[in-house]
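**Q** Can you read through this structure? Questions will come right after.
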2 protein chains.
Amino acid sequence: MALVEEQPEKHCWVCFATEKDDYSAEWVSPCRCKGCTKWIHQSCLQRWLDEKQKGNSGGAVSCPQCGTEYHIVFPKMGPLVYFLQQIDRALSKASPFAAVGVVIGTVYWSAVTYGAVTVMQVVGHKKGLYVMERADPLFLLMGLPTIPVLLVLGKMVRWEDYLVRLWQRYSYKRKLPPGTSRYLPRVPADGLTSGDHLSVSRTLCGALVFPSIASLVGRLLFGRVSSNLQQTVLGGIAFVVMKGVMKVYFKQQQYIIQANRQILNYPERNGDGQNEAGDEDTEDSGNE
Amino acid sequence: MALVEEQPEKHCWVCFATEKDDYSAEWVSPCRCKGCTKWIHQSCLQRWLDEKQKGNSGGAVSCPQCGTEYHIVFPKMGPLVYFLQQIDRALSKASPFAAVGVVIGTVYWSAVTYGAVTVMQVVGHKKGLYVMERADPLFLLMGLPTIPVLLVLGKMVRWEDYLVRLWQRYSYKRKLPPGTSRYLPRVPADGLTSGDHLSVSRTLCGALVFPSIASLVGRLLFGRVSSNLQQTVLGGIAFVVMKGVMKVYFKQQQYIIQANRQILNYPERNGDGQNEAGDEDTEDSGNE
């Protein structure tokens with residue numbers, strides 16, 4: 001019993017009060033700790049737990065010293081409360097999925113609308129309405145959203161890059177006289193993709209605005225064609241070809257500019273350039 | 001001239017070759033560095049620059065030792081290339097804004113559609129169509145999207161929390177006999193918000209599904225009312241009241257359960273519990 005008498009008095013490791021300070025206080029020894037951190041007031045531990053849980057009242061909390069998880073018991077809840085809790089949990093778990101569904105539905109519905117507007121733009125307002133009213137609704141709900149999807153996928157085919165690569169391969173072979181490889185302009189690191197970040201926003205916007213541009217170009221260039229559909233298709237083809245030619249030209253020029261870049265010497269100041277006068281000649285000749 | 005003769009030979013700090021190794025190589029001294037890092041082959045520096053820029057061919061690169069930014073010159077580009085570059089840059093800058101516009105347009109159009117569907121659900125399909133066809137289109141384009149917005153805002157008014165707080169204040173005052181404050185159940189840290197995270201997805205989904213629920217409850221409970229509008233409004237009110245009562249009850253019960261939680265003593269093992277036999281009594285009495 002000598003050991004017991006060594007620590008006869010409980011004291012709380014939160015408020016430092018002892019048994020003598022308040023005989024009516026409720027004590028608890030919630031973990032494996034011995035000695036001076038064995039005892040704590042029930043009320044102090046409750047307050048400390050509230051702070052640890054920070055609103056997440058179901059979270060497990062462990063003793064910071066010995067790591068024992070505190071054993072918290074709650075009064076038994078009635079069947080109605082249990083039922084309501086289950087519903088609350090089910091709703092909380094389901095709501096993120098439902099929100100994702102809302103987002104998907106929003107995108108889907110906008111794609112359907114965009115598809116319908118595009119059909120009317122391409123074949124003409126009245127004819128488009130007539131075609132869509134006579135079509136199978138299921139076919140429309142499946143077919144119309146594929147229009148923007150196909151436009152975006154089509155925009156992602158970068159045929160101009162392929163043409164540029166072909167051109168560069170051809171011009172490189174032609175320009176290579178034997179034995180002069182060193183004096184050729186350098187080949188840029190990634191000449192094709194330099195400054196040509198395949199940006200998501202640009203692909204999306206370019207794809208979505210394409211039918212309007214095709215319709216506009218068709219009306220400007222092929223005004224004599226009576227059919228709205230033919231006009232737009234011709235306009236689209238003309239626009240794609242014109243844009244492709246300009247893009248290939250631009251990329252090729254960019255490639256040439258990059259290949260012929262030159263890094264200059266650091267300009268020597270007169271003051272500290274004196275003791276390097278002997279180098280100056282070599283430097284100049286090296287930078288022709 | 002003695003200083004010059006101390007370093008008569010250039011050597012490249014990338015490939016370590018000297019002038020003697022290749023008399024035709026082009027040398028450059030692009031930065032403030034002196035001594036053994038002063039000279040570098042033009043071609044070596046180009047390769048090193050390509051690696052540093054990693055496709056961003058316009059990026060500035062500095063000497064890793066002295067920090068001088070290299071002065072890179074490009075051949076002059078023609079007016080057409082300049083024009084195409086300006087267009088390319090303008091499109092790159094504008095496309096993120098256009099993409100944001102696409103997203104806003106998508107959300108807006110879905111809100112318009114949701115509003116129209118809700119109007120038809122509340123006042124009946126035929127009457128809804130009739131009302132909307134006769135209304136000013138501008139009014140519809142402004143008014144319909146406000147329907148989901150108002151639903152979400154209405155869902156964010158948490159009147160049940162206010163009722164629970166009122167109830168708790170009332171019951172707390174009634175239960176407090178003078179001088180017994182210590183034996184009252186504790187007040188949970190944030191009893192009101194515990195387990196009640198104001199989740200975005202739940203608010204959104206609850207708000208959007210509300211008209212359907214109101215319509216359903218109206219049809220079930222107020223089938224005798226002939227007007228579709230009155231039926232749905234009565235159904236909505238009934239649903240809100242029922243849900244509110246259940247929510248207030250559930251929150252109050254949760255509050256009580258949290259207030260009466262108890263942390264248990266760690267169960268003493270028989271083996272090492274011997275020298276604490278003196279404590280056992282106190283512990284038990286403390287845990288009544």
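Within each chain, counting starts at residue 1; across the structure tokens, chains are named A, B, ... in the order shown, with ligands numbered 1 upward in that order.
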Could you list, as a PyMOL selection string, every residue within 12 Å of B:Val157, counting only C-alpha atoms and ignoring same-chain residues fewer than 5 positions away?

**A** chain B and resi 150-152+162+198+203+207+244

**Q** If you keep C-alpha atoms, can you produce a file of those selected residues as a PDB file, in the first residue's frame?

**A**
```pdb
ATOM      1  CA  LEU B 150     -34.665  31.688 -55.435  1.00  0.00           C
ATOM      2  CA  LEU B 151     -35.111  28.010 -54.564  1.00  0.00           C
ATOM      3  CA  VAL B 152     -31.450  27.684 -53.575  1.00  0.00           C
ATOM      4  CA  TYR B 162     -33.439  29.282 -35.170  1.00  0.00           C
ATOM      5  CA  LEU B 198     -24.144  23.150 -44.647  1.00  0.00           C
ATOM      6  CA  THR B 203     -28.413  22.493 -50.526  1.00  0.00           C
ATOM      7  CA  ALA B 207     -33.502  23.108 -53.644  1.00  0.00           C
ATOM      8  CA  GLY B 244     -39.087  21.274 -40.254  1.00  0.00           C
TER       9      GLY B 244
END
```

**Q** Could you check the closest approach to B:Val241 for each of B:Glu9, B:Glu160, B:Asp88, B:Asp136 and tell me which residue wins, using only C-alpha atoms?

**A** B:Glu160

**Q** Just the number, please: distance in Å from atom CA of A:Leu49 to atom CA of A:Lys10, one decimal.

**A**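 So the answer is 20.2 Å.
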
**Q** Between A:Ile104, A:Cys205, A:Cys66, A:Ile87, which has the minimum distance to chain B (counting only C-alpha atoms)?

**A**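 Nearest to chain B: A:Cys205.
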
**Q** According to DSSP computed on the backbone, where in stretch 77-243 of chain A is there helix (DSSP H, G or I)? Give the residues as number ranges by chain.

**A** A: 79-123, 125-134, 137-156, 159-174, 181-183, 200-221, 228-243

**Q** Write out, as a compact mmCIF listing (two decimals), in the first residue's frame, the residues just selected, with C-alpha atoms.

**A**
```txt
# COMPACT_ATOMS: atom_id res chain seq x y z
CA PRO A 79 -36.02 4.39 -32.97
CA LEU A 80 -37.34 7.60 -34.54
CA VAL A 81 -34.07 9.45 -33.90
CA TYR A 82 -32.15 6.47 -35.25
CA PHE A 83 -34.35 6.45 -38.35
CA LEU A 84 -33.88 10.19 -38.88
CA GLN A 85 -30.13 9.82 -38.41
CA GLN A 86 -30.00 7.07 -41.04
CA ILE A 87 -31.96 9.26 -43.47
CA ASP A 88 -29.68 12.21 -42.72
CA ARG A 89 -26.58 10.09 -43.38
CA ALA A 90 -28.02 8.58 -46.56
CA LEU A 91 -28.85 12.06 -47.90
CA SER A 92 -25.39 13.34 -47.01
CA LYS A 93 -23.77 10.41 -48.82
CA ALA A 94 -26.04 10.63 -51.88
CA SER A 95 -25.93 14.40 -52.35
CA PRO A 96 -22.44 14.61 -53.94
CA PHE A 97 -23.48 12.04 -56.55
CA ALA A 98 -26.74 13.91 -57.12
CA ALA A 99 -24.77 17.15 -57.53
CA VAL A 100 -22.53 15.47 -60.11
CA GLY A 101 -25.70 14.34 -61.83
CA VAL A 102 -26.97 17.94 -61.85
CA VAL A 103 -23.71 19.11 -63.45
CA ILE A 104 -23.79 16.33 -66.06
CA GLY A 105 -27.45 17.09 -66.77
CA THR A 106 -26.62 20.77 -67.22
CA VAL A 107 -23.82 20.01 -69.68
CA TYR A 108 -25.97 17.43 -71.49
CA TRP A 109 -28.93 19.74 -71.85
CA SER A 110 -26.73 22.56 -73.14
CA ALA A 111 -25.18 20.13 -75.64
CA VAL A 112 -28.67 19.13 -76.85
CA THR A 113 -29.61 22.79 -77.25
CA TYR A 114 -26.33 23.62 -78.99
CA GLY A 115 -26.87 20.69 -81.36
CA ALA A 116 -30.39 21.87 -82.21
CA VAL A 117 -29.23 25.46 -82.80
CA THR A 118 -26.42 24.17 -85.02
CA VAL A 119 -28.81 22.04 -87.09
CA MET A 120 -31.01 25.10 -87.63
CA GLN A 121 -27.95 27.21 -88.48
CA VAL A 122 -26.62 24.71 -91.02
CA VAL A 123 -29.78 23.68 -92.86
CA HIS A 125 -34.16 27.78 -89.44
CA LYS A 126 -37.45 26.50 -90.86
CA LYS A 127 -36.06 23.37 -92.48
CA GLY A 128 -34.12 22.53 -89.31
CA LEU A 129 -37.26 22.79 -87.16
CA TYR A 130 -39.17 20.67 -89.72
CA VAL A 131 -36.44 17.97 -89.76
CA MET A 132 -36.18 17.82 -85.97
CA GLU A 133 -39.93 17.73 -85.43
CA ARG A 134 -40.24 14.73 -87.71
CA PRO A 137 -37.17 12.10 -80.07
CA LEU A 138 -34.80 9.42 -78.76
CA PHE A 139 -32.63 9.86 -81.84
CA LEU A 140 -32.60 13.62 -81.25
CA LEU A 141 -31.69 13.24 -77.56
CA MET A 142 -28.81 10.94 -78.54
CA GLY A 143 -27.81 12.64 -81.79
CA LEU A 144 -27.94 16.35 -80.99
CA PRO A 145 -25.39 16.26 -78.11
CA THR A 146 -22.92 14.39 -80.33
CA ILE A 147 -22.72 17.46 -82.60
CA PRO A 148 -20.63 19.56 -80.15
CA VAL A 149 -18.68 16.44 -79.14
CA LEU A 150 -17.77 15.71 -82.78
CA LEU A 151 -16.87 19.37 -83.34
CA VAL A 152 -14.47 19.33 -80.37
CA LEU A 153 -12.97 15.99 -81.44
CA GLY A 154 -12.55 17.32 -84.99
CA LYS A 155 -10.83 20.41 -83.64
CA MET A 156 -8.39 18.17 -81.77
CA TRP A 159 -3.56 18.04 -89.37
CA GLU A 160 -1.65 21.31 -89.84
CA ASP A 161 1.10 19.99 -87.54
CA TYR A 162 1.42 16.94 -89.75
CA LEU A 163 1.75 19.13 -92.85
CA VAL A 164 4.36 21.33 -91.16
CA ARG A 165 6.36 18.24 -90.20
CA LEU A 166 6.19 16.95 -93.77
CA TRP A 167 7.32 20.30 -95.13
CA GLN A 168 10.21 20.53 -92.68
CA ARG A 169 11.41 17.03 -93.49
CA TYR A 170 11.36 17.87 -97.19
CA SER A 171 13.08 21.26 -96.90
CA TYR A 172 15.72 19.88 -94.49
CA LYS A 173 16.72 17.16 -96.96
CA ARG A 174 16.93 19.57 -99.85
CA SER A 181 26.28 20.14 -91.49
CA ARG A 182 27.79 22.45 -88.91
CA TYR A 183 26.77 25.63 -90.70
CA VAL A 200 -8.43 23.34 -73.63
CA SER A 201 -10.32 26.62 -73.67
CA ARG A 202 -9.10 27.48 -77.16
CA THR A 203 -10.02 24.07 -78.58
CA LEU A 204 -13.48 24.23 -76.96
CA CYS A 205 -14.28 27.75 -78.09
CA GLY A 206 -12.87 27.19 -81.57
CA ALA A 207 -14.97 24.05 -81.98
CA LEU A 208 -18.18 25.68 -80.73
CA VAL A 209 -17.82 28.82 -82.83
CA PHE A 210 -16.95 26.86 -85.99
CA PRO A 211 -20.53 26.35 -87.33
CA SER A 212 -21.21 30.09 -87.03
CA ILE A 213 -18.00 30.91 -88.88
CA ALA A 214 -18.76 28.28 -91.54
CA SER A 215 -22.23 29.74 -92.02
CA LEU A 216 -20.84 33.29 -92.25
CA VAL A 217 -18.07 32.39 -94.70
CA GLY A 218 -20.56 30.37 -96.77
CA ARG A 219 -22.91 33.33 -97.01
CA LEU A 220 -20.06 35.70 -97.95
CA LEU A 221 -18.25 33.51 -100.50
CA ASN A 228 -28.33 26.66 -96.98
CA LEU A 229 -26.68 23.31 -96.18
CA GLN A 230 -24.38 23.42 -99.22
CA GLN A 231 -23.53 27.06 -98.51
CA THR A 232 -22.49 26.27 -94.93
CA VAL A 233 -20.55 23.13 -95.87
CA LEU A 234 -18.67 25.01 -98.61
CA GLY A 235 -18.04 27.89 -96.21
CA GLY A 236 -16.72 25.50 -93.59
CA ILE A 237 -14.36 23.80 -96.03
CA ALA A 238 -13.13 27.17 -97.34
CA PHE A 239 -12.50 28.43 -93.81
CA VAL A 240 -10.65 25.26 -92.75
CA VAL A 241 -8.43 25.36 -95.85
CA MET A 242 -7.66 29.08 -95.48
CA LYS A 243 -6.92 28.74 -91.80
```

**Q** So that I can check the surroundings of B:Gln252, please list as a VMD selection string every protein, DNA and RNA residue that reaches within 9 Å of it, counting only C-alpha atoms and ignoring chain neighbours fewer than 3 positions away.

**A** chain B and resid 164 167 to 168 191 to 192 247 to 249 255 to 257

**Q** Quick one, how far is atom CA of B:Gln53 from atom CA of B:Asp21?

**A**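 So the answer is 28.6 Å.
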
**Q** What separation in Å, quoted to one decimal, exists between atom CA of A:Ile72 and atom CA of B:Ile263?

**A** 4.5 Å

**Q** Could you check which of B:Cys33, B:Cys63, B:Val14, B:Val73 is closest to chain A, using only C-alpha atoms?

**A** B:Val73

**Q** I need the residue nearest chain A from this list: B:His11, B:Arg32, B:Arg224, B:Lys52. Use only C-alpha atoms for the distance.

**A** B:Arg32

**Q** Would you pick out the contacts of B:Cys12 at 9 Å or less, using only C-alpha atoms, so that residues sharing its chain but fewer than 5 positions from it are not included, and give the list as a PyMOL selection string?

**A** chain B and resi 17-19+27+36-41+44

**Q** Atoms to include: N, CA and C atoms. Write the selected residues as a compact mmCIF listing (two decimals), in the first residue's frame.

**A**
```txt
# COMPACT_ATOMS: atom_id res chain seq x y z
N ALA B 17 35.41 21.53 -74.73
CA ALA B 17 36.36 21.58 -75.83
C ALA B 17 37.06 22.94 -75.84
N THR B 18 38.29 22.98 -76.38
CA THR B 18 39.03 24.24 -76.49
C THR B 18 39.03 24.68 -77.95
N GLU B 19 39.63 25.86 -78.16
CA GLU B 19 39.69 26.38 -79.53
C GLU B 19 40.44 25.43 -80.46
N TRP B 27 32.16 30.98 -81.19
CA TRP B 27 32.22 31.20 -79.74
C TRP B 27 31.38 32.40 -79.35
N CYS B 36 37.12 30.88 -66.51
CA CYS B 36 36.85 29.62 -67.21
C CYS B 36 35.39 29.47 -67.64
N THR B 37 34.49 30.34 -67.14
CA THR B 37 33.09 30.24 -67.59
C THR B 37 32.72 31.40 -68.51
N LYS B 38 33.74 32.10 -69.02
CA LYS B 38 33.44 33.25 -69.89
C LYS B 38 32.98 32.81 -71.27
N TRP B 39 33.59 31.77 -71.81
CA TRP B 39 33.31 31.40 -73.20
C TRP B 39 32.49 30.12 -73.31
N ILE B 40 31.68 30.08 -74.34
CA ILE B 40 30.88 28.90 -74.60
C ILE B 40 30.64 28.83 -76.11
N HIS B 41 30.52 27.63 -76.65
CA HIS B 41 30.16 27.51 -78.07
C HIS B 41 28.75 28.03 -78.28
N CYS B 44 26.51 25.04 -78.32
CA CYS B 44 26.28 24.44 -77.00
C CYS B 44 25.29 25.28 -76.20
```
